[in-house]
$ cat model24.pdb   # PDB, N, CA and C atoms
ATOM      1  N   MET A  47       0.841  -1.174   0.000  1.00  0.00           N
ATOM      2  CA  MET A  47       0.000   0.000   0.000  1.00  0.00           C
ATOM      3  C   MET A  47       0.894   1.248   0.000  1.00  0.00           C
ATOM      4  N   LYS A  48       0.574   2.163  -0.893  1.00  0.00           N
ATOM      5  CA  LYS A  48       1.324   3.412  -0.971  1.00  0.00           C
ATOM      6  C   LYS A  48       0.853   4.371   0.107  1.00  0.00           C
ATOM      7  N   LYS A  49       1.804   5.046   0.702  1.00  0.00           N
ATOM      8  CA  LYS A  49       1.454   6.088   1.672  1.00  0.00           C
ATOM      9  C   LYS A  49       1.697   7.435   1.014  1.00  0.00           C
ATOM     10  N   ARG A  50       0.766   8.318   1.214  1.00  0.00           N
ATOM     11  CA  ARG A  50       0.911   9.674   0.672  1.00  0.00           C
ATOM     12  C   ARG A  50       1.452  10.590   1.747  1.00  0.00           C
ATOM     13  N   LEU A  51       2.449  11.338   1.358  1.00  0.00           N
ATOM     14  CA  LEU A  51       3.002  12.336   2.256  1.00  0.00           C
ATOM     15  C   LEU A  51       2.255  13.635   2.006  1.00  0.00           C
ATOM     16  N   VAL A  52       1.645  14.143   3.036  1.00  0.00           N
ATOM     17  CA  VAL A  52       0.888  15.387   2.908  1.00  0.00           C
ATOM     18  C   VAL A  52       1.586  16.447   3.748  1.00  0.00           C
ATOM     19  N   ALA A  53       1.971  17.505   3.079  1.00  0.00           N
ATOM     20  CA  ALA A  53       2.638  18.600   3.780  1.00  0.00           C
ATOM     21  C   ALA A  53       1.598  19.587   4.268  1.00  0.00           C
ATOM     22  N   THR A  54       1.707  19.966   5.504  1.00  0.00           N
ATOM     23  CA  THR A  54       0.820  21.003   6.023  1.00  0.00           C
ATOM     24  C   THR A  54       1.673  22.228   6.304  1.00  0.00           C
ATOM     25  N   LEU A  55       1.270  23.312   5.741  1.00  0.00           N
ATOM     26  CA  LEU A  55       2.004  24.557   5.912  1.00  0.00           C
ATOM     27  C   LEU A  55       1.234  25.462   6.847  1.00  0.00           C
ATOM     28  N   GLN A  56       1.972  26.091   7.708  1.00  0.00           N
ATOM     29  CA  GLN A  56       1.340  27.038   8.613  1.00  0.00           C
ATOM     30  C   GLN A  56       1.024  28.307   7.823  1.00  0.00           C
ATOM     31  N   LYS A  57      -0.189  28.786   7.954  1.00  0.00           N
ATOM     32  CA  LYS A  57      -0.595  29.984   7.228  1.00  0.00           C
ATOM     33  C   LYS A  57       0.041  31.208   7.871  1.00  0.00           C
ATOM     34  N   LYS A  58       0.753  31.965   7.077  1.00  0.00           N
ATOM     35  CA  LYS A  58       1.388  33.191   7.555  1.00  0.00           C
ATOM     36  C   LYS A  58       0.742  34.376   6.860  1.00  0.00           C
ATOM     37  N   GLU A  59       0.484  35.369   7.617  1.00  0.00           N
ATOM     38  CA  GLU A  59      -0.027  36.615   7.046  1.00  0.00           C
ATOM     39  C   GLU A  59       1.169  37.527   6.791  1.00  0.00           C
ATOM     40  N   ILE A  60       1.322  37.929   5.572  1.00  0.00           N
ATOM     41  CA  ILE A  60       2.396  38.852   5.224  1.00  0.00           C
ATOM     42  C   ILE A  60       1.735  40.135   4.735  1.00  0.00           C
ATOM     43  N   ALA A  61       1.967  41.177   5.473  1.00  0.00           N
ATOM     44  CA  ALA A  61       1.371  42.456   5.088  1.00  0.00           C
ATOM     45  C   ALA A  61       2.229  43.094   4.006  1.00  0.00           C
ATOM     46  N   MET A  62       1.565  43.518   2.956  1.00  0.00           N
ATOM     47  CA  MET A  62       2.274  44.179   1.881  1.00  0.00           C
ATOM     48  C   MET A  62       1.432  45.359   1.422  1.00  0.00           C
ATOM     49  N   LYS A  63       2.077  46.470   1.328  1.00  0.00           N
ATOM     50  CA  LYS A  63       1.385  47.643   0.804  1.00  0.00           C
ATOM     51  C   LYS A  63       2.105  48.079  -0.454  1.00  0.00           C
ATOM     52  N   MET A  64       1.320  48.372  -1.445  1.00  0.00           N
ATOM     53  CA  MET A  64       1.870  48.885  -2.690  1.00  0.00           C
ATOM     54  C   MET A  64       1.132  50.162  -3.028  1.00  0.00           C
ATOM     55  N   HIS A  65       1.860  51.154  -3.347  1.00  0.00           N
ATOM     56  CA  HIS A  65       1.256  52.413  -3.768  1.00  0.00           C
ATOM     57  C   HIS A  65       1.458  52.501  -5.274  1.00  0.00           C
ATOM     58  N   LEU A  66       0.362  52.314  -5.995  1.00  0.00           N
ATOM     59  CA  LEU A  66       0.427  52.294  -7.449  1.00  0.00           C
ATOM     60  C   LEU A  66      -0.354  53.457  -8.036  1.00  0.00           C
ATOM     61  N   GLU A  67       0.166  53.974  -9.121  1.00  0.00           N
ATOM     62  CA  GLU A  67      -0.595  54.950  -9.882  1.00  0.00           C
ATOM     63  C   GLU A  67      -1.744  54.196 -10.539  1.00  0.00           C
ATOM     64  N   GLU A  68      -2.769  54.922 -10.948  1.00  0.00           N
ATOM     65  CA  GLU A  68      -3.935  54.261 -11.537  1.00  0.00           C
ATOM     66  C   GLU A  68      -3.552  53.425 -12.754  1.00  0.00           C
ATOM     67  N   ARG A  69      -2.653  53.920 -13.578  1.00  0.00           N
ATOM     68  CA  ARG A  69      -2.269  53.146 -14.763  1.00  0.00           C
ATOM     69  C   ARG A  69      -1.507  51.882 -14.393  1.00  0.00           C
ATOM     70  N   GLU A  70      -0.717  51.930 -13.318  1.00  0.00           N
ATOM     71  CA  GLU A  70      -0.005  50.732 -12.864  1.00  0.00           C
ATOM     72  C   GLU A  70      -0.987  49.702 -12.303  1.00  0.00           C
ATOM     73  N   ALA A  71      -1.937  50.180 -11.504  1.00  0.00           N
ATOM     74  CA  ALA A  71      -2.949  49.287 -10.934  1.00  0.00           C
ATOM     75  C   ALA A  71      -3.796  48.666 -12.039  1.00  0.00           C
ATOM     76  N   SER A  72      -4.121  49.461 -13.036  1.00  0.00           N
ATOM     77  CA  SER A  72      -4.924  48.988 -14.157  1.00  0.00           C
ATOM     78  C   SER A  72      -4.220  47.857 -14.897  1.00  0.00           C
ATOM     79  N   LEU A  73      -2.927  48.026 -15.152  1.00  0.00           N
ATOM     80  CA  LEU A  73      -2.172  47.000 -15.859  1.00  0.00           C
ATOM     81  C   LEU A  73      -1.988  45.750 -15.001  1.00  0.00           C
ATOM     82  N   LEU A  74      -1.684  45.928 -13.735  1.00  0.00           N
ATOM     83  CA  LEU A  74      -1.519  44.784 -12.843  1.00  0.00           C
ATOM     84  C   LEU A  74      -2.816  43.983 -12.741  1.00  0.00           C
ATOM     85  N   PHE A  75      -3.933  44.671 -12.613  1.00  0.00           N
ATOM     86  CA  PHE A  75      -5.235  44.009 -12.574  1.00  0.00           C
ATOM     87  C   PHE A  75      -5.457  43.201 -13.850  1.00  0.00           C
ATOM     88  N   LYS A  76      -5.142  43.805 -14.997  1.00  0.00           N
ATOM     89  CA  LYS A  76      -5.330  43.144 -16.287  1.00  0.00           C
ATOM     90  C   LYS A  76      -4.453  41.897 -16.399  1.00  0.00           C
ATOM     91  N   VAL A  77      -3.220  41.972 -15.925  1.00  0.00           N
ATOM     92  CA  VAL A  77      -2.295  40.834 -15.989  1.00  0.00           C
ATOM     93  C   VAL A  77      -2.786  39.690 -15.102  1.00  0.00           C
ATOM     94  N   VAL A  78      -3.199  40.012 -13.875  1.00  0.00           N
ATOM     95  CA  VAL A  78      -3.683  38.973 -12.949  1.00  0.00           C
ATOM     96  C   VAL A  78      -4.963  38.347 -13.490  1.00  0.00           C
ATOM     97  N   LYS A  79      -5.862  39.166 -14.008  1.00  0.00           N
ATOM     98  CA  LYS A  79      -7.118  38.651 -14.564  1.00  0.00           C
ATOM     99  C   LYS A  79      -6.857  37.758 -15.771  1.00  0.00           C
ATOM    100  N   SER A  80      -5.914  38.142 -16.598  1.00  0.00           N
ATOM    101  CA  SER A  80      -5.553  37.348 -17.771  1.00  0.00           C
ATOM    102  C   SER A  80      -5.004  35.986 -17.349  1.00  0.00           C
ATOM    103  N   ARG A  81      -4.156  35.985 -16.333  1.00  0.00           N
ATOM    104  CA  ARG A  81      -3.602  34.715 -15.848  1.00  0.00           C
ATOM    105  C   ARG A  81      -4.700  33.833 -15.273  1.00  0.00           C
ATOM    106  N   LEU A  82      -5.657  34.427 -14.597  1.00  0.00           N
ATOM    107  CA  LEU A  82      -6.782  33.674 -14.045  1.00  0.00           C
ATOM    108  C   LEU A  82      -7.577  33.008 -15.177  1.00  0.00           C
ATOM    109  N   GLU A  83      -7.796  33.730 -16.254  1.00  0.00           N
ATOM    110  CA  GLU A  83      -8.509  33.167 -17.403  1.00  0.00           C
ATOM    111  C   GLU A  83      -7.722  32.015 -18.027  1.00  0.00           C
ATOM    112  N   GLU A  84      -6.386  32.160 -18.094  1.00  0.00           N
ATOM    113  CA  GLU A  84      -5.546  31.073 -18.609  1.00  0.00           C
ATOM    114  C   GLU A  84      -5.646  29.842 -17.712  1.00  0.00           C
ATOM    115  N   LEU A  85      -5.638  30.060 -16.410  1.00  0.00           N
ATOM    116  CA  LEU A  85      -5.753  28.947 -15.464  1.00  0.00           C
ATOM    117  C   LEU A  85      -7.063  28.196 -15.654  1.00  0.00           C
ATOM    118  N   ARG A  86      -8.131  28.926 -15.880  1.00  0.00           N
ATOM    119  CA  ARG A  86      -9.438  28.279 -16.103  1.00  0.00           C
ATOM    120  C   ARG A  86      -9.393  27.366 -17.326  1.00  0.00           C
ATOM    121  N   GLN A  87      -8.709  27.810 -18.360  1.00  0.00           N
ATOM    122  CA  GLN A  87      -8.548  26.976 -19.554  1.00  0.00           C
ATOM    123  C   GLN A  87      -7.723  25.726 -19.240  1.00  0.00           C
ATOM    124  N   GLU A  88      -6.656  25.911 -18.464  1.00  0.00           N
ATOM    125  CA  GLU A  88      -5.815  24.779 -18.086  1.00  0.00           C
ATOM    126  C   GLU A  88      -6.620  23.751 -17.290  1.00  0.00           C
ATOM    127  N   VAL A  89      -7.458  24.224 -16.373  1.00  0.00           N
ATOM    128  CA  VAL A  89      -8.276  23.325 -15.560  1.00  0.00           C
ATOM    129  C   VAL A  89      -9.181  22.493 -16.460  1.00  0.00           C
ATOM    130  N   ARG A  90      -9.790  23.133 -17.441  1.00  0.00           N
ATOM    131  CA  ARG A  90     -10.709  22.422 -18.339  1.00  0.00           C
ATOM    132  C   ARG A  90     -10.032  21.318 -19.129  1.00  0.00           C
ATOM    133  N   HIS A  91      -8.757  21.522 -19.463  1.00  0.00           N
ATOM    134  CA  HIS A  91      -8.062  20.566 -20.324  1.00  0.00           C
ATOM    135  C   HIS A  91      -7.192  19.572 -19.554  1.00  0.00           C
ATOM    136  N   ASP A  92      -7.020  19.778 -18.284  1.00  0.00           N
ATOM    137  CA  ASP A  92      -6.163  18.898 -17.484  1.00  0.00           C
ATOM    138  C   ASP A  92      -6.942  17.646 -17.083  1.00  0.00           C
ATOM    139  N   LYS A  93      -6.375  16.495 -17.327  1.00  0.00           N
ATOM    140  CA  LYS A  93      -7.036  15.225 -17.006  1.00  0.00           C
ATOM    141  C   LYS A  93      -6.632  14.692 -15.624  1.00  0.00           C
ATOM    142  N   ASN A  94      -5.585  15.244 -15.050  1.00  0.00           N
ATOM    143  CA  ASN A  94      -5.081  14.784 -13.760  1.00  0.00           C
ATOM    144  C   ASN A  94      -5.813  15.514 -12.630  1.00  0.00           C
ATOM    145  N   SER A  95      -6.487  14.776 -11.781  1.00  0.00           N
ATOM    146  CA  SER A  95      -7.317  15.408 -10.738  1.00  0.00           C
ATOM    147  C   SER A  95      -6.485  16.180  -9.717  1.00  0.00           C
ATOM    148  N   GLU A  96      -5.295  15.679  -9.391  1.00  0.00           N
ATOM    149  CA  GLU A  96      -4.444  16.412  -8.434  1.00  0.00           C
ATOM    150  C   GLU A  96      -3.949  17.716  -9.038  1.00  0.00           C
ATOM    151  N   SER A  97      -3.569  17.661 -10.286  1.00  0.00           N
ATOM    152  CA  SER A  97      -3.107  18.857 -10.981  1.00  0.00           C
ATOM    153  C   SER A  97      -4.238  19.879 -11.106  1.00  0.00           C
ATOM    154  N   ARG A  98      -5.434  19.393 -11.434  1.00  0.00           N
ATOM    155  CA  ARG A  98      -6.609  20.274 -11.534  1.00  0.00           C
ATOM    156  C   ARG A  98      -6.893  20.948 -10.200  1.00  0.00           C
ATOM    157  N   ALA A  99      -6.784  20.183  -9.125  1.00  0.00           N
ATOM    158  CA  ALA A  99      -7.032  20.742  -7.791  1.00  0.00           C
ATOM    159  C   ALA A  99      -6.036  21.855  -7.478  1.00  0.00           C
ATOM    160  N   TYR A 100      -4.773  21.645  -7.861  1.00  0.00           N
ATOM    161  CA  TYR A 100      -3.753  22.673  -7.610  1.00  0.00           C
ATOM    162  C   TYR A 100      -4.021  23.918  -8.455  1.00  0.00           C
ATOM    163  N   LEU A 101      -4.409  23.714  -9.708  1.00  0.00           N
ATOM    164  CA  LEU A 101      -4.730  24.857 -10.569  1.00  0.00           C
ATOM    165  C   LEU A 101      -5.915  25.645 -10.009  1.00  0.00           C
ATOM    166  N   LYS A 102      -6.912  24.940  -9.504  1.00  0.00           N
ATOM    167  CA  LYS A 102      -8.069  25.608  -8.893  1.00  0.00           C
ATOM    168  C   LYS A 102      -7.643  26.384  -7.651  1.00  0.00           C
ATOM    169  N   HIS A 103      -6.726  25.804  -6.882  1.00  0.00           N
ATOM    170  CA  HIS A 103      -6.206  26.480  -5.687  1.00  0.00           C
ATOM    171  C   HIS A 103      -5.531  27.796  -6.089  1.00  0.00           C
ATOM    172  N   LYS A 104      -4.700  27.750  -7.129  1.00  0.00           N
ATOM    173  CA  LYS A 104      -4.045  28.974  -7.601  1.00  0.00           C
ATOM    174  C   LYS A 104      -5.077  29.980  -8.096  1.00  0.00           C
ATOM    175  N   GLY A 105      -6.128  29.491  -8.746  1.00  0.00           N
ATOM    176  CA  GLY A 105      -7.187  30.379  -9.213  1.00  0.00           C
ATOM    177  C   GLY A 105      -7.887  31.074  -8.060  1.00  0.00           C
ATOM    178  N   ASN A 106      -8.108  30.343  -6.974  1.00  0.00           N
ATOM    179  CA  ASN A 106      -8.728  30.952  -5.784  1.00  0.00           C
ATOM    180  C   ASN A 106      -7.859  32.064  -5.214  1.00  0.00           C
ATOM    181  N   ILE A 107      -6.552  31.842  -5.220  1.00  0.00           N
ATOM    182  CA  ILE A 107      -5.637  32.882  -4.724  1.00  0.00           C
ATOM    183  C   ILE A 107      -5.699  34.112  -5.625  1.00  0.00           C
ATOM    184  N   LEU A 108      -5.687  33.895  -6.933  1.00  0.00           N
ATOM    185  CA  LEU A 108      -5.766  35.030  -7.859  1.00  0.00           C
ATOM    186  C   LEU A 108      -7.086  35.771  -7.707  1.00  0.00           C
ATOM    187  N   ASN A 109      -8.178  35.035  -7.490  1.00  0.00           N
ATOM    188  CA  ASN A 109      -9.473  35.691  -7.252  1.00  0.00           C
ATOM    189  C   ASN A 109      -9.431  36.559  -6.008  1.00  0.00           C
ATOM    190  N   SER A 110      -8.773  36.085  -4.957  1.00  0.00           N
ATOM    191  CA  SER A 110      -8.703  36.885  -3.730  1.00  0.00           C
ATOM    192  C   SER A 110      -7.854  38.136  -3.944  1.00  0.00           C
ATOM    193  N   ILE A 111      -6.843  38.037  -4.797  1.00  0.00           N
ATOM    194  CA  ILE A 111      -6.026  39.216  -5.126  1.00  0.00           C
ATOM    195  C   ILE A 111      -6.873  40.228  -5.899  1.00  0.00           C
ATOM    196  N   LEU A 112      -7.609  39.751  -6.896  1.00  0.00           N
ATOM    197  CA  LEU A 112      -8.449  40.659  -7.694  1.00  0.00           C
ATOM    198  C   LEU A 112      -9.506  41.351  -6.835  1.00  0.00           C
ATOM    199  N   ALA A 113     -10.023  40.641  -5.844  1.00  0.00           N
ATOM    200  CA  ALA A 113     -11.060  41.206  -4.974  1.00  0.00           C
ATOM    201  C   ALA A 113     -10.534  42.370  -4.143  1.00  0.00           C
ATOM    202  N   LYS A 114      -9.235  42.455  -3.976  1.00  0.00           N
ATOM    203  CA  LYS A 114      -8.644  43.520  -3.160  1.00  0.00           C
ATOM    204  C   LYS A 114      -8.393  44.805  -3.938  1.00  0.00           C
ATOM    205  N   PHE A 115      -8.555  44.753  -5.245  1.00  0.00           N
ATOM    206  CA  PHE A 115      -8.339  45.953  -6.042  1.00  0.00           C
ATOM    207  C   PHE A 115      -9.517  46.902  -5.893  1.00  0.00           C
ATOM    208  N   PRO A 116      -9.230  48.181  -5.698  1.00  0.00           N
ATOM    209  CA  PRO A 116     -10.329  49.155  -5.679  1.00  0.00           C
ATOM    210  C   PRO A 116     -10.815  49.368  -7.111  1.00  0.00           C
ATOM    211  N   GLU A 117     -11.967  50.001  -7.239  1.00  0.00           N
ATOM    212  CA  GLU A 117     -12.445  50.312  -8.584  1.00  0.00           C
ATOM    213  C   GLU A 117     -11.437  51.233  -9.253  1.00  0.00           C
ATOM    214  N   HIS A 118     -11.229  50.997 -10.517  1.00  0.00           N
ATOM    215  CA  HIS A 118     -10.274  51.816 -11.262  1.00  0.00           C
ATOM    216  C   HIS A 118     -10.677  51.849 -12.730  1.00  0.00           C
ATOM    217  N   ASP A 119     -10.063  52.744 -13.450  1.00  0.00           N
ATOM    218  CA  ASP A 119     -10.287  52.843 -14.889  1.00  0.00           C
ATOM    219  C   ASP A 119      -9.542  51.683 -15.537  1.00  0.00           C
ATOM    220  N   GLY A 120     -10.278  50.751 -16.115  1.00  0.00           N
ATOM    221  CA  GLY A 120      -9.684  49.560 -16.706  1.00  0.00           C
ATOM    222  C   GLY A 120      -8.788  49.822 -17.902  1.00  0.00           C
ATOM    223  N   LYS A 121      -8.829  51.023 -18.420  1.00  0.00           N
ATOM    224  CA  LYS A 121      -7.980  51.346 -19.565  1.00  0.00           C
ATOM    225  C   LYS A 121      -6.933  52.400 -19.214  1.00  0.00           C
ATOM    226  N   ALA A 122      -6.776  52.669 -17.937  1.00  0.00           N
ATOM    227  CA  ALA A 122      -5.831  53.701 -17.508  1.00  0.00           C
ATOM    228  C   ALA A 122      -4.406  53.374 -17.943  1.00  0.00           C
ATOM    229  N   HIS A 123      -4.085  52.086 -18.027  1.00  0.00           N
ATOM    230  CA  HIS A 123      -2.723  51.704 -18.411  1.00  0.00           C
ATOM    231  C   HIS A 123      -2.401  52.081 -19.863  1.00  0.00           C
ATOM    232  N   MET A 124      -3.436  52.390 -20.635  1.00  0.00           N
ATOM    233  CA  MET A 124      -3.215  52.755 -22.032  1.00  0.00           C
ATOM    234  C   MET A 124      -2.993  54.253 -22.207  1.00  0.00           C
ATOM    235  N   ARG A 125      -3.322  55.023 -21.181  1.00  0.00           N
ATOM    236  CA  ARG A 125      -3.171  56.482 -21.275  1.00  0.00           C
ATOM    237  C   ARG A 125      -1.713  56.844 -21.521  1.00  0.00           C
ATOM    238  N   GLY A 126      -1.492  57.740 -22.434  1.00  0.00           N
ATOM    239  CA  GLY A 126      -0.136  58.221 -22.705  1.00  0.00           C
ATOM    240  C   GLY A 126       0.575  57.400 -23.780  1.00  0.00           C
ATOM    241  N   TYR A 127      -0.005  56.274 -24.172  1.00  0.00           N
ATOM    242  CA  TYR A 127       0.619  55.473 -25.223  1.00  0.00           C
ATOM    243  C   TYR A 127       0.129  55.968 -26.572  1.00  0.00           C
ATOM    244  N   ILE A 128       1.054  56.218 -27.455  1.00  0.00           N
ATOM    245  CA  ILE A 128       0.707  56.690 -28.793  1.00  0.00           C
ATOM    246  C   ILE A 128       0.985  55.555 -29.769  1.00  0.00           C
ATOM    247  N   ILE A 129      -0.040  55.188 -30.513  1.00  0.00           N
ATOM    248  CA  ILE A 129       0.133  54.128 -31.499  1.00  0.00           C
ATOM    249  C   ILE A 129       0.972  54.678 -32.642  1.00  0.00           C
ATOM    250  N   PRO A 130       2.106  54.040 -32.886  1.00  0.00           N
ATOM    251  CA  PRO A 130       2.981  54.560 -33.950  1.00  0.00           C
ATOM    252  C   PRO A 130       2.368  54.354 -35.336  1.00  0.00           C
ATOM    253  N   ASP A 131       2.652  55.308 -36.209  1.00  0.00           N
ATOM    254  CA  ASP A 131       2.205  55.183 -37.601  1.00  0.00           C
ATOM    255  C   ASP A 131       3.036  54.098 -38.268  1.00  0.00           C
ATOM    256  N   LYS A 132       2.373  53.374 -39.155  1.00  0.00           N
ATOM    257  CA  LYS A 132       3.103  52.316 -39.880  1.00  0.00           C
ATOM    258  C   LYS A 132       3.612  52.814 -41.193  1.00  0.00           C
TER     259      LYS A 132
END

$ encode --input "model24.pdb" --output "structure tokens"
Amino acid sequence: MKKRLVATLQKKEIAMKMHLEEREASLLFKVVKSRLEELRQEVRHDKNSESRAYLKHKGNILNSILAKFPEHDGKAHMRGYIIPDK
């Protein structure tokens, strides 16, 4: 009979404060949200139940990060960018 080793980690609270300009917050939000969407795709295509569970766990963490963002202009990160002429 195989024995599974299960690691239990003590939950640590690490306080982190970041002071971001609206355009920085907008881009960071977009990047985290994009990764969350990629994870959802990975979960759908993964056949390994343990791997799927881990991907879902990471998705839950990303959701909790997104929930901490205040309302912001979702396109603020684009302000100041000039599309070059071709």

$ closest_atom_pairs --input "model24.pdb" --of "stretch 74-101 of chain A" --to "stretch 109-120 of chain A" --cutoff "8 Å" --atoms "all atoms listed in the file" --output "Markdown table"
| residue | atom | partner | partner_atom | distance |
| --- | --- | --- | --- | --- |
| A:Phe75 | CA | A:Leu112 | CA | 6.7 |
| A:Lys76 | N | A:Gly120 | CA | 7.5 |
| A:Val78 | C | A:Leu112 | CA | 7.1 |
| A:Lys79 | N | A:Leu112 | CA | 7.0 |
| A:Leu82 | CA | A:Asn109 | N | 6.8 |

$ atom_distance --input "model24.pdb" --atom1 "atom N of A:Leu108" --atom2 "atom C of A:Arg81"
8.4 Å

$ axis_aligned_box --input "model24.pdb" --around "stretch 81-91 of chain A" --padding-each-side "8 Å" --output "JSON"
{"center_x": -7.2, "center_y": 27.8, "center_z": -17.2, "size_x": 23.1, "size_y": 32.4, "size_z": 22.3}

$ resolve_selection --input "model24.pdb" --expression "the PyMOL selection byres ((chain A and resi 72) around 6.5)" --output "list in words"
Glu67, Glu68, Arg69, Glu70, Ala71, Leu73, Leu74, Phe75, Lys76, Val77, Asp119, Gly120, Lys121, Ala122 and His123 of chain A

$ select_by_dssp --input "model24.pdb" --residues "chain A" --states "helix (DSSP H, G or I)" --output "number ranges by chain"
A: 68-91, 95-113, 122-124

$ atom_distance --input "model24.pdb" --atom1 "atom CA of A:Glu88" --atom2 "atom CA of A:His103"
12.5 Å

$ atom_distance --input "model24.pdb" --atom1 "atom CA of A:Arg86" --atom2 "atom CA of A:Gly105"
7.5 Å
